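Novice: File follows, input_29.tsv with TSV, C-alpha atoms:
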chain	number	residue	atom	x	y	z
J	284	MET	CA	0.17	-241.88	94.63
J	285	SER	CA	3.00	-242.04	97.09
J	286	ASN	CA	3.10	-244.69	99.75
J	287	TYR	CA	1.49	-242.79	102.65
J	288	ASN	CA	1.46	-244.65	105.98
J	289	PRO	CA	-2.19	-245.11	107.03
J	290	ASN	CA	-1.15	-245.65	110.65
J	291	LEU	CA	-0.22	-241.97	111.03
J	292	VAL	CA	-3.92	-241.07	111.08
J	293	LYS	CA	-5.74	-241.32	114.45
J	294	ILE	CA	-9.02	-243.18	113.87
J	295	ASN	CA	-10.92	-241.40	116.68
J	296	ARG	CA	-10.18	-237.91	115.38
J	297	SER	CA	-11.63	-235.64	112.70
J	298	TYR	CA	-9.29	-233.76	110.38
J	299	THR	CA	-9.65	-230.68	108.22
J	300	PHE	CA	-7.91	-230.74	104.84
J	301	GLU	CA	-5.03	-228.68	106.27
J	302	GLU	CA	-4.60	-230.90	109.34
J	303	LEU	CA	-4.53	-234.11	107.30
J	304	ALA	CA	-2.07	-232.50	104.89
J	305	THR	CA	0.17	-231.58	107.84
J	306	VAL	CA	0.15	-235.19	109.10
J	307	TYR	CA	1.64	-236.37	105.78
J	308	GLY	CA	3.67	-233.27	104.90
J	309	ILE	CA	1.72	-232.67	101.69
J	310	HIS	CA	-0.31	-229.81	100.21
J	311	LYS	CA	-3.97	-229.43	101.16
J	312	ASN	CA	-4.91	-229.68	97.46
J	313	THR	CA	-3.61	-233.26	97.52
J	314	VAL	CA	-6.14	-234.05	100.24
J	315	ALA	CA	-8.83	-232.30	98.17
J	316	SER	CA	-7.95	-234.55	95.21
J	317	TRP	CA	-8.30	-237.59	97.52
J	318	VAL	CA	-11.82	-236.38	98.35
J	319	LYS	CA	-12.60	-236.05	94.62
J	320	ASN	CA	-11.29	-239.60	94.10
J	321	GLY	CA	-13.47	-241.16	96.79
J	322	LEU	CA	-12.26	-240.22	100.28
J	323	PRO	CA	-15.46	-239.69	102.32
J	324	CYS	CA	-15.84	-236.19	103.74
J	325	LEU	CA	-18.40	-234.41	105.96
J	326	LYS	CA	-19.57	-231.48	103.81
J	327	ASP	CA	-22.54	-230.28	105.91
J	328	MET	CA	-20.70	-227.22	107.21
J	329	ARG	CA	-17.32	-225.60	106.90
J	330	PRO	CA	-14.54	-226.48	107.49
J	331	PHE	CA	-15.06	-229.80	105.76
J	332	LEU	CA	-14.06	-232.68	108.04
J	333	ILE	CA	-12.57	-236.06	107.28
J	334	LEU	CA	-13.02	-238.82	109.85
J	335	GLY	CA	-9.74	-240.47	110.80
J	336	ALA	CA	-11.13	-244.01	110.43
J	337	GLU	CA	-12.31	-243.25	106.88
J	338	ALA	CA	-8.99	-241.63	105.95
J	339	LYS	CA	-7.10	-244.66	107.26
J	340	ALA	CA	-9.36	-247.09	105.35
J	341	TYR	CA	-9.02	-245.02	102.15
J	342	LEU	CA	-5.21	-244.96	102.35
J	343	GLN	CA	-5.02	-248.69	103.16
J	344	ASN	CA	-7.23	-249.41	100.15
J	345	LYS	CA	-5.07	-247.23	97.86
J	346	ARG	CA	-1.90	-248.88	99.17
J	347	GLY	CA	-3.34	-252.35	98.58
J	348	GLN	CA	-4.34	-251.54	95.00
J	349	ASN	CA	-0.75	-250.76	94.03
J	350	LYS	CA	0.76	-254.00	95.39
J	351	GLN	CA	1.73	-256.73	92.99
J	352	LYS	CA	2.43	-260.23	94.25
J	353	CYS	CA	5.31	-262.12	92.65
J	354	LYS	CA	4.91	-265.82	91.93
J	355	PRO	CA	7.70	-268.10	93.17
J	356	ASN	CA	9.39	-268.06	89.75
J	357	GLN	CA	9.22	-264.25	89.36
J	358	LEU	CA	11.18	-261.26	90.65
J	359	TYR	CA	10.07	-257.61	90.60
J	360	CYS	CA	11.34	-255.35	87.80
J	361	MET	CA	11.57	-251.67	88.74
J	362	ARG	CA	11.52	-250.49	85.12
J	363	CYS	CA	8.55	-252.61	84.00
J	364	LYS	CA	6.80	-252.05	87.38
J	365	ALA	CA	5.66	-255.66	87.31
J	366	PRO	CA	6.77	-259.15	88.33
J	367	LYS	CA	8.94	-260.69	85.59
J	368	MET	CA	10.92	-263.86	84.99
J	369	PRO	CA	14.70	-263.47	85.28
J	370	LEU	CA	16.78	-263.74	82.13
J	371	ASP	CA	17.98	-267.33	81.50
J	372	ASN	CA	16.45	-268.27	84.89
J	373	PHE	CA	19.71	-267.08	86.54
J	374	VAL	CA	19.71	-265.24	89.90
J	375	GLU	CA	22.28	-264.41	92.53
J	376	TYR	CA	21.64	-264.51	96.28
J	377	SER	CA	23.10	-261.79	98.53
J	378	PRO	CA	22.62	-262.21	102.29
J	379	MET	CA	21.32	-259.05	103.98
J	380	THR	CA	21.03	-260.35	107.56
J	381	THR	CA	21.27	-263.77	109.17
J	382	THR	CA	17.59	-264.45	108.38
J	383	LYS	CA	16.92	-262.80	105.01
J	384	GLY	CA	18.59	-262.04	101.73
J	385	LEU	CA	18.09	-260.63	98.25
J	386	LEU	CA	17.71	-262.47	94.97
J	387	THR	CA	18.85	-260.39	91.99
J	388	GLY	CA	18.88	-261.08	88.29
J	389	PHE	CA	18.09	-259.38	84.98
J	390	CYS	CA	14.63	-258.87	83.51
J	391	SER	CA	13.84	-261.08	80.53
J	392	HIS	CA	11.82	-258.24	79.00
J	393	CYS	CA	13.93	-255.07	79.43
J	394	ASP	CA	17.33	-256.29	80.78
J	395	CYS	CA	16.92	-254.17	83.93
J	396	VAL	CA	17.73	-255.55	87.40
J	397	VAL	CA	14.97	-257.61	89.06
J	398	ASN	CA	14.86	-258.19	92.83
J	399	LYS	CA	13.10	-260.26	95.47
J	400	PHE	CA	13.63	-260.43	99.22
J	401	ILE	CA	13.48	-263.95	100.63
J	402	GLY	CA	14.07	-265.72	103.91
J	403	VAL	CA	17.09	-267.95	104.37
J	404	LYS	CA	14.78	-270.91	105.10
J	405	SER	CA	13.25	-270.66	101.62
J	406	LEU	CA	16.65	-270.55	99.87
J	407	LYS	CA	16.53	-274.30	99.18
J	408	ASP	CA	13.12	-273.95	97.47
J	409	TYR	CA	14.40	-271.17	95.23
J	410	SER	CA	17.49	-273.18	94.30
J	411	ASN	CA	15.10	-275.75	92.77
J	412	ILE	CA	13.32	-273.03	90.74
J	413	PHE	CA	16.28	-270.91	89.59
J	414	ASP	CA	19.87	-271.41	88.53
J	415	LEU	CA	21.04	-269.92	91.83
J	416	LYS	CA	24.52	-268.55	92.53
J	417	ILE	CA	25.48	-268.06	96.16
J	418	PRO	CA	28.66	-265.98	96.61
J	419	ILE	CA	31.33	-267.41	98.90
J	420	ALA	CA	32.40	-265.16	101.74
J	421	ALA	CA	35.88	-263.67	101.45
J	422	ASN	CA	38.53	-264.67	103.95
J	423	ASN	CA	39.35	-262.11	106.60
J	424	ILE	CA	42.94	-261.13	107.28
J	425	ASN	CA	42.66	-262.76	110.72
J	426	ASP	CA	41.89	-266.12	109.09
J	427	SER	CA	45.29	-266.44	107.43
J	428	ASN	CA	48.24	-268.28	108.94
J	429	ASN	CA	50.78	-265.75	107.64
J	430	PRO	CA	49.71	-262.17	108.44
J	431	LEU	CA	51.57	-259.38	106.73
Starting from the file, give its structure as structure tokens.

Specialist:
Amino acid sequence: MSNYNPNLVKINRSYTFEELATVYGIHKNTVASWVKNGLPCLKDMRPFLILGAEAKAYLQNKRGQNKQKCKPNQLYCMRCKAPKMPLDNFVEYSPMTTTKGLLTGFCSHCDCVVNKFIGVKSLKDYSNIFDLKIPIAANNINDSNNPL
């Protein structure tokens, strides 16, 4: 199941299969399969209606089932689709913004890249867990005493 945003559904509104499909840009048969898999539906008369609050709760539940929490000593492997330990406990930190960055390493199981987003404040904690490499920023041309 794709990662559909439950907040797109209005909780005080009723949807037909076609209307709910339009909200997410999917086929109405996808909504019908959601109903078969447990999405509550009012089937007393046609067109069948889905309450917005029930659709939102169903999608939030489905989204929560797919999440996997990494322990502090694990990073997420995209190939294994699971949290894994990095190979040789070695990771590299790449700053993304001033407040967060990305830990990357290689999976100990399949040698694919493993990732984890962390805050800068927790960088010291992760340096105690992993053999952490922090790249040094390159000098800018303006920083030199002898420009070209």

Novice: From the options J:Asn411, J:Asn295, J:Gln343, J:Gln357, which residue's atoms come nearest to Gly388 in chain J, counting all atoms listed in the file?

Specialist: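 Answer, going by the shortest atom-to-atom distance: J:Gln357.
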
Novice: Can you measure CA of Trp317 in chain J to CA of Asn290 in chain J for me? One decimal in Å is fine.

Specialist: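 These two atoms are separated by 17.0 Å.
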
Novice: Using all atoms listed in the file, which protein or nucleic acid residues come within 8 Å of Asn356 in chain J? Drop anything in the same chain fewer than 3 positions from it, and give the result as JSON, numbers by chain.

Specialist: {"J": [353, 368, 412, 413]}

Novice: I need the residue nearest Ile333 in chain J from this list: J:Ala365, J:Leu358, J:Ile309, J:Ile294. Use only C-alpha atoms for the distance.

Specialist: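 Looking at the shortest contact to Ile333 in chain J, the residue is J:Ile294.
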
Novice: Is it possible to get the residues within 12 Å of (-1.4, -242.4, 95.6) (coordinates as in the file, counting all atoms listed in the file) written as an NGL selection string?

Specialist: :J and (284-289 or 309 or 313-314 or 316-317 or 320 or 341-350)

Novice: With only C-alpha atoms as the counted atoms, please give the residues lying no more than 8 Å from range 385-387 of chain J, apart from itself and same-chain residues fewer than 4 positions off, as a VMD selection string.

Specialist: chain J and resid 358 374 to 379 396 to 401

Novice: Could those residues be written to a file, using C-alpha atoms, as an mmCIF file, in the frame of the given file?

Specialist:
data_model
loop_
_atom_site.group_PDB
_atom_site.id
_atom_site.type_symbol
_atom_site.label_atom_id
_atom_site.label_comp_id
_atom_site.auth_asym_id
_atom_site.auth_seq_id
_atom_site.Cartn_x
_atom_site.Cartn_y
_atom_site.Cartn_z
ATOM 1 C CA LEU J 358 11.180 -261.260 90.650
ATOM 2 C CA VAL J 374 19.710 -265.240 89.900
ATOM 3 C CA GLU J 375 22.280 -264.410 92.530
ATOM 4 C CA TYR J 376 21.640 -264.510 96.280
ATOM 5 C CA SER J 377 23.100 -261.790 98.530
ATOM 6 C CA PRO J 378 22.620 -262.210 102.290
ATOM 7 C CA MET J 379 21.320 -259.050 103.980
ATOM 8 C CA VAL J 396 17.730 -255.550 87.400
ATOM 9 C CA VAL J 397 14.970 -257.610 89.060
ATOM 10 C CA ASN J 398 14.860 -258.190 92.830
ATOM 11 C CA LYS J 399 13.100 -260.260 95.470
ATOM 12 C CA PHE J 400 13.630 -260.430 99.220
ATOM 13 C CA ILE J 401 13.480 -263.950 100.630
#

Novice: So what do you get for CA of Tyr409 in chain J versus CA of Gln351 in chain J, distance-wise?

Specialist: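 Between CA of Tyr409 in chain J and CA of Gln351 in chain J the gap is 19.3 Å.
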
Novice: In Å, with one decimal, what is the gap from CA of Thr380 in chain J to CA of Ile417 in chain J?

Specialist: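 Here the two named atoms are 14.5 Å from each other.
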